[in-house]
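Student: Below you'll find upload-v9.pdb; it's PDB, C-alpha atoms.
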```pdb
ATOM      1  CA  MET G1298     106.623  56.069 109.795
ATOM      2  CA  ASN G1299     105.737  53.761 106.899
ATOM      3  CA  THR G1300     105.836  50.066 107.728
ATOM      4  CA  ILE G1301     104.754  46.857 106.054
ATOM      5  CA  LYS G1302     102.180  46.414 108.801
ATOM      6  CA  GLU G1303     100.430  49.629 107.809
ATOM      7  CA  GLU G1304     100.793  49.337 104.052
ATOM      8  CA  THR G1305     100.050  45.721 103.020
ATOM      9  CA  ARG G1306      96.516  44.691 103.944
ATOM     10  CA  ASN G1307      93.914  42.441 102.291
ATOM     11  CA  PHE G1308      96.024  41.463  99.271
ATOM     12  CA  TRP G1309      97.255  38.045 100.377
ATOM     13  CA  GLU G1310      97.299  34.838  98.348
ATOM     14  CA  TYR G1311      98.184  31.402  99.725
ATOM     15  CA  ARG G1312     100.454  29.249  97.545
ATOM     16  CA  GLN G1313     103.740  27.376  97.305
ATOM     17  CA  VAL G1314     106.975  29.357  97.018
ATOM     18  CA  THR G1315     110.061  27.730  95.503
ATOM     19  CA  PHE G1316     113.503  28.321  97.015
ATOM     20  CA  LYS G1317     116.081  27.677  94.298
ATOM     21  CA  PHE G1318     119.577  26.765  95.423
ATOM     22  CA  GLN G1319     121.906  27.900  92.622
ATOM     23  CA  LEU G1320     125.556  28.398  91.844
ATOM     24  CA  SER G1321     125.508  31.136  89.211
ATOM     25  CA  ASP G1322     123.319  29.786  86.390
ATOM     26  CA  ILE G1323     123.374  26.195  87.650
ATOM     27  CA  SER G1324     120.297  25.065  89.606
ATOM     28  CA  LEU G1325     121.328  22.456  92.184
ATOM     29  CA  PHE G1326     117.996  21.745  93.883
ATOM     30  CA  LYS G1327     114.865  23.485  95.145
ATOM     31  CA  VAL G1328     112.604  23.462  98.193
ATOM     32  CA  ASN G1329     108.904  24.376  98.222
ATOM     33  CA  LEU G1330     107.286  26.179 101.136
ATOM     34  CA  ALA G1331     103.618  27.108 101.688
ATOM     35  CA  LEU G1332     103.334  30.865 102.331
ATOM     36  CA  GLN G1333     100.899  33.760 102.249
ATOM     37  CA  ILE G1334     102.089  35.962  99.433
ATOM     38  CA  ARG G1335     101.742  39.629  98.591
ATOM     39  CA  ASP G1336     102.919  40.758  95.139
ATOM     40  CA  ILE G1337     103.064  44.537  95.108
ATOM     41  CA  SER G1338     102.268  46.219  91.799
ATOM     42  CA  LEU G1339     104.003  49.407  90.713
ATOM     43  CA  THR G1340     100.596  50.848  89.841
ATOM     44  CA  GLU G1341      99.710  50.876  93.554
ATOM     45  CA  HIS G1342     102.304  53.624  94.141
ATOM     46  CA  LEU G1343     102.999  52.206  97.598
ATOM     47  CA  ALA G1344     105.142  54.442  99.818
ATOM     48  CA  ALA G1345     108.640  53.134 100.537
ATOM     49  CA  VAL G1346     108.946  51.540 103.979
ATOM     50  CA  GLU G1347     111.636  52.344 106.531
ATOM     51  CA  ASP G1348     111.011  49.421 108.874
ATOM     52  CA  LEU G1349     110.265  45.708 108.420
ATOM     53  CA  ILE G1350     107.471  44.471 110.698
ATOM     54  CA  PRO G1351     105.549  41.186 110.308
ATOM     55  CA  PRO G1352     102.168  41.759 108.612
ATOM     56  CA  SER G1353      99.017  41.980 110.738
ATOM     57  CA  GLU G1354      97.259  39.433 108.472
ATOM     58  CA  THR G1355      96.510  36.257 110.454
ATOM     59  CA  CYS G1356      99.057  33.551 109.703
ATOM     60  CA  ARG G1357      97.225  30.403 108.614
ATOM     61  CA  SER G1358      97.916  27.158 110.459
ATOM     62  CA  ASP G1359      99.092  25.519 107.207
ATOM     63  CA  SER G1360     101.330  28.470 106.284
ATOM     64  CA  GLN G1361     104.979  28.919 107.252
ATOM     65  CA  GLY G1362     104.681  32.698 107.077
ATOM     66  CA  TYR G1363     104.610  35.515 104.539
ATOM     67  CA  ALA G1364     106.378  36.509 101.311
ATOM     68  CA  ILE G1365     106.262  40.121 100.124
ATOM     69  CA  ARG G1366     107.657  40.819  96.677
ATOM     70  CA  SER G1367     108.629  44.162  95.120
ATOM     71  CA  LEU G1368     108.266  46.028  98.407
ATOM     72  CA  PRO G1369     109.463  49.652  97.972
ATOM     73  CA  VAL G1370     112.148  50.402 100.580
ATOM     74  CA  LYS G1371     113.986  53.495 101.737
ATOM     75  CA  LYS G1372     117.255  51.831 102.763
ATOM     76  CA  LEU G1373     119.270  48.624 102.826
ATOM     77  CA  PHE G1374     118.204  46.137 105.488
ATOM     78  CA  PRO G1375     120.128  43.295 107.175
ATOM     79  CA  THR G1376     119.633  39.979 105.397
ATOM     80  CA  ILE G1377     118.433  37.903 108.389
ATOM     81  CA  THR G1378     116.912  39.241 111.616
ATOM     82  CA  LYS G1379     114.422  38.096 114.260
ATOM     83  CA  LYS G1380     111.102  39.967 114.293
ATOM     84  CA  ASN G1381     108.716  38.903 117.057
ATOM     85  CA  ASN G1382     107.910  35.219 116.336
ATOM     86  CA  PHE G1383     109.313  35.315 112.795
ATOM     87  CA  TYR G1384     112.643  35.218 111.036
ATOM     88  CA  CYS G1385     112.831  38.143 108.629
ATOM     89  CA  TYR G1386     114.793  37.148 105.526
ATOM     90  CA  VAL G1387     115.484  39.925 103.033
ATOM     91  CA  GLN G1388     116.021  37.582 100.120
ATOM     92  CA  LYS G1389     116.865  40.253  97.579
ATOM     93  CA  GLN G1390     117.246  44.039  97.339
ATOM     94  CA  TYR G1391     117.386  45.541  93.874
ATOM     95  CA  GLN G1392     116.520  48.420  91.571
ATOM     96  CA  HIS G1393     113.090  47.633  90.093
ATOM     97  CA  CYS G1394     113.188  48.784  86.462
ATOM     98  CA  TYR G1395     110.094  49.894  84.570
ATOM     99  CA  ILE G1396     108.935  51.953  81.583
ATOM    100  CA  ASP G1397     106.421  54.789  81.800
ATOM    101  CA  MET G1398     103.980  53.743  79.065
ATOM    102  CA  GLN G1399     102.004  56.981  79.305
ATOM    103  CA  LEU G1400     104.638  58.589  77.132
ATOM    104  CA  SER G1401     104.336  58.480  73.360
ATOM    105  CA  PHE G1402     106.779  56.209  71.583
ATOM    106  CA  ASP G1403     108.532  59.255  70.112
ATOM    107  CA  GLU G1404     108.923  60.688  73.623
ATOM    108  CA  TYR G1405     110.184  57.331  74.880
ATOM    109  CA  LYS G1406     112.849  57.180  72.159
ATOM    110  CA  GLN G1407     114.244  60.498  73.385
ATOM    111  CA  LYS G1408     115.466  58.792  76.553
ATOM    112  CA  PHE G1409     118.129  57.057  74.457
ATOM    113  CA  SER G1410     121.278  58.802  73.292
ATOM    114  CA  SER G1411     121.781  59.270  69.558
ATOM    115  CA  LYS G1412     124.461  56.564  69.760
ATOM    116  CA  SER G1413     122.027  54.087  71.372
ATOM    117  CA  ARG G1414     119.332  54.828  68.781
ATOM    118  CA  SER G1415     121.870  54.308  66.021
ATOM    119  CA  THR G1416     122.965  50.994  67.576
ATOM    120  CA  MET G1417     119.358  49.844  67.776
ATOM    121  CA  ASN G1418     118.761  50.695  64.113
ATOM    122  CA  ARG G1419     121.894  48.748  63.181
ATOM    123  CA  LYS G1420     120.631  45.680  65.050
ATOM    124  CA  LEU G1421     117.255  45.880  63.324
ATOM    125  CA  ASN G1422     118.902  46.256  59.914
ATOM    126  CA  LYS G1423     121.412  43.486  60.603
ATOM    127  CA  PHE G1424     118.667  41.010  61.466
ATOM    128  CA  GLU G1425     116.654  42.061  58.404
ATOM    129  CA  GLU G1426     119.665  41.594  56.141
ATOM    130  CA  TYR G1427     120.413  38.182  57.641
ATOM    131  CA  CYS G1428     116.843  37.073  56.970
ATOM    132  CA  GLU G1429     116.941  38.586  53.473
ATOM    133  CA  LYS G1430     113.998  40.796  54.513
ATOM    134  CA  LYS G1431     111.864  37.712  55.166
ATOM    135  CA  ASN G1432     111.802  38.339  58.900
ATOM    136  CA  SER G1433     108.507  39.083  60.549
ATOM    137  CA  TRP G1434     107.074  39.418  64.001
ATOM    138  CA  ARG G1435     103.588  39.057  65.353
ATOM    139  CA  VAL G1436     101.521  39.965  68.394
ATOM    140  CA  TYR G1437      99.087  37.399  69.859
ATOM    141  CA  LYS G1438      96.059  38.381  71.960
ATOM    142  CA  SER G1439      92.997  36.098  71.714
ATOM    143  CA  ALA G1440      92.723  32.685  73.379
ATOM    144  CA  GLU G1441      93.133  30.882  70.038
ATOM    145  CA  GLU G1442      96.094  33.069  69.088
ATOM    146  CA  MET G1443      97.774  32.482  72.452
ATOM    147  CA  LEU G1444      97.650  28.709  71.931
ATOM    148  CA  VAL G1445      99.573  29.231  68.683
ATOM    149  CA  PHE G1446     101.949  31.588  70.488
ATOM    150  CA  HIS G1447     102.582  29.030  73.227
ATOM    151  CA  ARG G1448     103.426  26.278  70.734
ATOM    152  CA  LEU G1449     105.913  28.535  68.935
ATOM    153  CA  ALA G1450     107.377  29.932  72.154
ATOM    154  CA  ARG G1451     107.951  26.404  73.468
ATOM    155  CA  GLN G1452     109.968  25.589  70.332
ATOM    156  CA  VAL G1453     112.328  28.421  71.271
ATOM    157  CA  SER G1454     112.241  27.885  75.034
ATOM    158  CA  GLU G1455     113.437  24.294  74.776
ATOM    159  CA  LYS G1456     116.718  25.615  73.341
ATOM    160  CA  THR G1457     117.347  28.366  75.904
ATOM    161  CA  TYR G1458     119.722  28.390  78.867
ATOM    162  CA  GLN G1459     116.846  29.729  80.998
ATOM    163  CA  GLU G1460     115.068  26.402  80.609
ATOM    164  CA  LYS G1461     118.111  24.113  80.570
ATOM    165  CA  LEU G1462     119.926  25.645  83.552
ATOM    166  CA  LEU G1463     117.420  27.709  85.528
ATOM    167  CA  ASP G1464     114.135  25.887  84.926
ATOM    168  CA  ALA G1465     112.794  29.319  83.925
ATOM    169  CA  GLY G1466     111.556  28.878  80.365
ATOM    170  CA  ILE G1467     107.926  29.509  79.481
ATOM    171  CA  PRO G1468     106.043  26.645  81.216
ATOM    172  CA  ASP G1469     104.591  23.698  79.322
ATOM    173  CA  SER G1470     102.133  22.621  82.017
ATOM    174  CA  PRO G1471      98.353  22.298  81.434
ATOM    175  CA  ARG G1472      97.834  24.656  84.388
ATOM    176  CA  PHE G1473      99.885  27.416  82.748
ATOM    177  CA  VAL G1474      98.081  26.983  79.409
ATOM    178  CA  LYS G1475      94.720  27.163  81.185
ATOM    179  CA  GLU G1476      95.698  30.360  83.014
ATOM    180  CA  MET G1477      97.104  31.869  79.810
ATOM    181  CA  THR G1478      93.945  31.249  77.783
ATOM    182  CA  ALA G1479      91.767  32.559  80.625
ATOM    183  CA  LEU G1480      93.794  35.786  80.617
ATOM    184  CA  ALA G1481      93.477  35.994  76.835
ATOM    185  CA  ALA G1482      89.692  35.616  77.038
ATOM    186  CA  ASP G1483      89.694  38.789  79.189
ATOM    187  CA  GLN G1484      92.248  40.580  76.952
ATOM    188  CA  GLN G1485      94.756  40.466  79.802
ATOM    189  CA  VAL G1486      97.821  39.048  78.062
ATOM    190  CA  ARG G1487     100.094  39.718  75.104
ATOM    191  CA  GLY G1488     102.478  37.366  73.322
ATOM    192  CA  TYR G1489     105.125  38.359  70.776
ATOM    193  CA  ILE G1490     107.147  36.166  68.416
ATOM    194  CA  LEU G1491     110.051  37.146  66.149
ATOM    195  CA  PHE G1492     110.573  34.961  63.079
ATOM    196  CA  ASN G1493     113.312  34.218  60.600
ATOM    197  CA  ASP G1494     111.014  33.473  57.679
ATOM    198  CA  THR G1495     108.692  30.913  59.351
ATOM    199  CA  VAL G1496     111.114  29.845  62.118
ATOM    200  CA  PRO G1497     110.472  31.355  65.589
ATOM    201  CA  VAL G1498     113.697  32.756  67.036
ATOM    202  CA  SER G1499     112.536  34.801  70.047
ATOM    203  CA  TYR G1500     109.435  35.186  72.213
ATOM    204  CA  LEU G1501     108.090  37.606  74.819
ATOM    205  CA  TYR G1502     105.166  36.787  77.131
ATOM    206  CA  CYS G1503     103.443  39.606  79.048
ATOM    207  CA  PRO G1504     100.355  39.178  81.244
ATOM    208  CA  ILE G1505      98.529  42.406  82.106
ATOM    209  CA  VAL G1506      97.771  43.424  85.700
ATOM    210  CA  ASP G1507      96.052  46.744  86.457
ATOM    211  CA  ASP G1508      97.024  48.119  83.015
ATOM    212  CA  ALA G1509     100.659  47.155  83.651
ATOM    213  CA  LEU G1510     102.428  44.816  81.239
ATOM    214  CA  ILE G1511     104.478  42.271  83.174
ATOM    215  CA  TYR G1512     107.801  41.086  81.741
ATOM    216  CA  ALA G1513     107.172  37.433  82.555
ATOM    217  CA  TYR G1514     109.131  35.379  79.990
ATOM    218  CA  LEU G1515     111.628  36.344  77.304
ATOM    219  CA  GLY G1516     113.660  33.752  75.425
ATOM    220  CA  TYR G1517     115.641  33.436  72.233
ATOM    221  CA  ASP G1518     117.279  30.747  70.122
ATOM    222  CA  PRO G1519     121.001  30.710  71.093
ATOM    223  CA  ASP G1520     121.905  30.161  67.428
ATOM    224  CA  TYR G1521     120.786  33.772  66.876
ATOM    225  CA  LEU G1522     122.724  35.236  69.810
ATOM    226  CA  LYS G1523     124.961  37.447  67.653
ATOM    227  CA  LEU G1524     121.883  38.942  65.992
ATOM    228  CA  SER G1525     120.499  40.242  69.328
ATOM    229  CA  VAL G1526     117.062  38.812  68.559
ATOM    230  CA  GLY G1527     115.838  39.288  72.142
ATOM    231  CA  THR G1528     116.652  42.995  71.940
ATOM    232  CA  VAL G1529     115.148  43.283  68.457
ATOM    233  CA  LEU G1530     111.867  41.691  69.607
ATOM    234  CA  GLN G1531     111.735  43.852  72.750
ATOM    235  CA  TRP G1532     112.018  47.008  70.637
ATOM    236  CA  LEU G1533     109.397  45.917  68.108
ATOM    237  CA  ALA G1534     107.018  44.795  70.880
ATOM    238  CA  LEU G1535     107.384  48.125  72.686
ATOM    239  CA  GLN G1536     106.372  49.980  69.534
ATOM    240  CA  ASP G1537     103.180  47.938  69.460
ATOM    241  CA  MET G1538     102.558  48.394  73.193
ATOM    242  CA  PHE G1539     102.901  52.177  72.996
ATOM    243  CA  ALA G1540     100.602  52.235  69.960
ATOM    244  CA  GLU G1541      97.787  50.630  72.000
ATOM    245  CA  THR G1542      97.796  53.655  74.380
ATOM    246  CA  ARG G1543      96.153  51.440  76.992
ATOM    247  CA  PHE G1544      98.992  50.651  79.358
ATOM    248  CA  LYS G1545     100.442  52.636  82.247
ATOM    249  CA  ILE G1546     103.650  50.728  82.920
ATOM    250  CA  PHE G1547     105.904  48.061  81.459
ATOM    251  CA  ASP G1548     107.134  46.237  84.558
ATOM    252  CA  PHE G1549     110.506  44.481  84.234
ATOM    253  CA  THR G1550     109.848  42.778  87.615
ATOM    254  CA  GLU G1551     112.575  41.857  90.071
ATOM    255  CA  GLY G1552     116.244  41.490  89.301
ATOM    256  CA  GLN G1553     118.658  43.644  87.377
ATOM    257  CA  SER G1554     120.273  43.235  83.973
ATOM    258  CA  GLU G1555     121.755  45.398  81.253
ATOM    259  CA  HIS G1556     118.694  44.635  79.109
ATOM    260  CA  LYS G1557     116.301  45.996  81.753
ATOM    261  CA  ARG G1558     118.396  49.056  82.554
ATOM    262  CA  PHE G1559     118.789  49.884  78.857
ATOM    263  CA  PHE G1560     115.063  49.867  78.086
ATOM    264  CA  SER G1561     113.683  51.249  81.370
ATOM    265  CA  THR G1562     112.771  54.875  82.041
ATOM    266  CA  HIS G1563     112.662  54.609  85.848
ATOM    267  CA  GLU G1564     114.088  52.567  88.722
ATOM    268  CA  LEU G1565     112.674  52.019  92.222
ATOM    269  CA  SER G1566     114.513  50.560  95.231
ATOM    270  CA  CYS G1567     112.677  47.365  96.194
ATOM    271  CA  ALA G1568     113.103  44.210  98.260
ATOM    272  CA  ASN G1569     111.697  40.700  98.432
ATOM    273  CA  VAL G1570     111.034  39.997 102.107
ATOM    274  CA  LEU G1571     110.089  36.756 103.864
ATOM    275  CA  PHE G1572     108.699  36.405 107.370
ATOM    276  CA  LEU G1573     108.970  32.726 108.349
ATOM    277  CA  ARG G1574     107.809  31.095 111.574
ATOM    278  CA  ALA G1575     110.709  30.993 114.020
ATOM    279  CA  ASN G1576     111.533  27.295 114.141
ATOM    280  CA  ILE G1577     114.631  25.189 113.472
ATOM    281  CA  LYS G1578     113.477  23.931 110.068
ATOM    282  CA  ASN G1579     112.900  27.444 108.724
ATOM    283  CA  TRP G1580     116.157  28.710 110.210
ATOM    284  CA  ILE G1581     118.109  25.954 108.430
ATOM    285  CA  LEU G1582     116.280  26.744 105.176
ATOM    286  CA  ILE G1583     116.926  30.480 105.094
ATOM    287  CA  TYR G1584     120.477  30.268 106.462
ATOM    288  CA  SER G1585     121.521  27.590 103.966
ATOM    289  CA  HIS G1586     119.854  29.561 101.158
ATOM    290  CA  PHE G1587     121.701  32.700 102.256
ATOM    291  CA  CYS G1588     125.023  30.798 102.409
ATOM    292  CA  MET G1589     124.497  29.361  98.929
ATOM    293  CA  ASP G1590     123.747  32.828  97.520
ATOM    294  CA  SER G1591     126.835  34.238  99.273
ATOM    295  CA  LEU G1592     129.000  31.436  97.888
ATOM    296  CA  SER G1593     127.659  32.034  94.385
ATOM    297  CA  LYS G1594     128.308  35.775  94.644
ATOM    298  CA  GLY G1595     131.776  35.246  96.100
ATOM    299  CA  LEU G1596     132.690  32.834  93.335
ATOM    300  CA  GLY G1597     131.399  35.310  90.748
ATOM    301  CA  ASP G1598     133.433  38.152  92.286
ATOM    302  CA  PHE G1599     136.561  35.972  92.330
ATOM    303  CA  LEU G1600     136.185  35.036  88.659
ATOM    304  CA  ASN G1601     135.459  38.658  87.774
ATOM    305  CA  ARG G1602     138.840  39.743  89.137
ATOM    306  CA  PHE G1603     140.517  37.648  86.465
ATOM    307  CA  GLY G1604     138.093  38.612  83.709
ATOM    308  CA  LEU G1605     136.616  35.109  83.595
ATOM    309  CA  LYS G1606     133.065  35.589  84.884
ATOM    310  CA  THR G1607     131.485  36.718  81.609
ATOM    311  CA  LYS G1608     133.334  34.070  79.586
ATOM    312  CA  ILE G1609     132.305  31.228  81.897
ATOM    313  CA  LYS G1610     128.691  32.429  81.960
ATOM    314  CA  LYS G1611     128.596  32.386  78.176
ATOM    315  CA  ILE G1612     130.016  28.862  78.123
ATOM    316  CA  LEU G1613     127.434  27.674  80.684
ATOM    317  CA  ARG G1614     124.577  29.302  78.770
ATOM    318  CA  PHE G1615     125.548  28.706  75.163
ATOM    319  CA  GLY G1616     128.365  26.147  75.145
ATOM    320  CA  PHE G1617     131.769  26.481  73.509
TER     321      PHE G1617
END
```
Written as structure tokens, that's how I'd like the structure from this file.

Tutor:
Amino acid sequence: MNTIKEETRNFWEYRQVTFKFQLSDISLFKVNLALQIRDISLTEHLAAVEDLIPPSETCRSDSQGYAIRSLPVKKLFPTITKKNNFYCYVQKQYQHCYIDMQLSFDEYKQKFSSKSRSTMNRKLNKFEEYCEKKNSWRVYKSAEEMLVFHRLARQVSEKTYQEKLLDAGIPDSPRFVKEMTALAADQQVRGYILFNDTVPVSYLYCPIVDDALIYAYLGYDPDYLKLSVGTVLQWLALQDMFAETRFKIFDFTEGQSEHKRFFSTHELSCANVLFLRANIKNWILIYSHFCMDSLSKGLGDFLNRFGLKTKIKKILRFGF
């Protein structure tokens, strides 16, 4: 029997984890918790687990427990259970989308129907016509180039709903810039910018881990929403990524969206699992977080019955 206890050893990092309390796209507040964290890479090819058991790694005195992200699972698990001296909180279960980058780009394109390929060509042509063929895009790799990328990406990010509502735009902190340039010095990051003439309209930021490109940040100027600039940049960037013939996987990370499902070649059932020390404070935290998520989902389902969910989301993200 495969279990977490058997499969996740010696890969732990100690850091703060943020619990975001949200109603749909609206962030209400957040709580930070010190945890030992294990981020599982798709390139590890970890076997899917059929039981959730607290890790054997010693729990530090200054840690409230463990967080395991992108854990391959064989089935759906209950959201909150008691496991030995820990509360087990299955924060999210989802289909983890990714692209097999060991294909050629021509082989990759065959995954799309002729209708989808035609739609993609129309979007590329539409954006080119709008820009009067002055559009361009660029890939950034070196430390100096990534500083330019970051400045341009921030110009776009400041306008996005991800930053305004979710606090999820590309970070502007000195710590992030330092980490980004360190990755660039080791050729472990890629940045992509799509331009309308000289104006940046979309960005994609991808660190590289074990020859896997990580879909970390994608943003676009909402004024260009109808031109699908995020999709256009994703397609152009993928052409460049395949051409490098270096990468094994493009990892769309956790969460599901039409964008990820459209571009991915594979999906893997995964879960984000927390094991928190069994005390009152942690119980209140995970139960209130679970209730907030349930309320948000219930509200979304209610609005969806009347065909209002998509409309309200667009208003929240892009205004009237």

Student: Could you spell out the hits of the PyMOL selection byres ((chain G and resi 1434) around 6) on the shown file, as a list in words?

Tutor: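 After applying the PyMOL selection byres ((chain G and resi 1434) around 6), what remains is Ser1433, Arg1435, Ile1490, Leu1491 and Phe1492 of chain G.
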
Student: So that I can check the surroundings of Tyr1489 of chain G, please list as JSON, numbers by chain every protein, DNA and RNA residue that reaches within 7 Å of it, counting all atoms listed in the file and ignoring chain neighbours fewer than 4 positions away.

Tutor: {"G": [1435, 1436, 1437, 1500, 1501, 1502, 1534]}

Student: Got a sec: who's within 6 Å of Phe1544 of chain G, counting only C-alpha atoms, leaving out chain neighbours fewer than 3 positions off, as a list in words?

Tutor: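 So the residues in contact are Met1398, Asp1508 and Ala1509 of chain G.
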
Student: Would you mind listing what lies within 9 Å of Ala1450 of chain G as a PyMOL selection string, with all atoms listed in the file counted and same-chain residues fewer than 3 positions away left out?

Tutor: chain G and resi 1445-1447+1453-1455+1467+1488-1490+1497-1502+1516-1517

Student: What do you get, as a tab-separated table (two decimals) with C-alpha atoms, in the frame of the given file, if you spell out every residue that the PyMOL selection byres ((chain G and resi 1567) around 6) selects here?

Tutor:
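To be explicit, this is the file written out as out-v3.tsv:
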```tsv
chain	number	residue	atom	x	y	z
G	1367	SER	CA	108.63	44.16	95.12
G	1368	LEU	CA	108.27	46.03	98.41
G	1369	PRO	CA	109.46	49.65	97.97
G	1370	VAL	CA	112.15	50.40	100.58
G	1390	GLN	CA	117.25	44.04	97.34
G	1391	TYR	CA	117.39	45.54	93.87
G	1566	SER	CA	114.51	50.56	95.23
G	1568	ALA	CA	113.10	44.21	98.26
```

Student: So what does the PyMOL selection byres ((chain G and resi 1392) around 12) actually pick up in this one, as a ChimeraX atom specification?

Tutor: /G:1367-1373,1389-1391,1393-1395,1548-1555,1557-1558,1561,1563-1569

Student: Can you tell me how far atom CA of Tyr1512 of chain G sits from atom CA of Gln1319 of chain G, in Å to one decimal?

Tutor: 22.2 Å
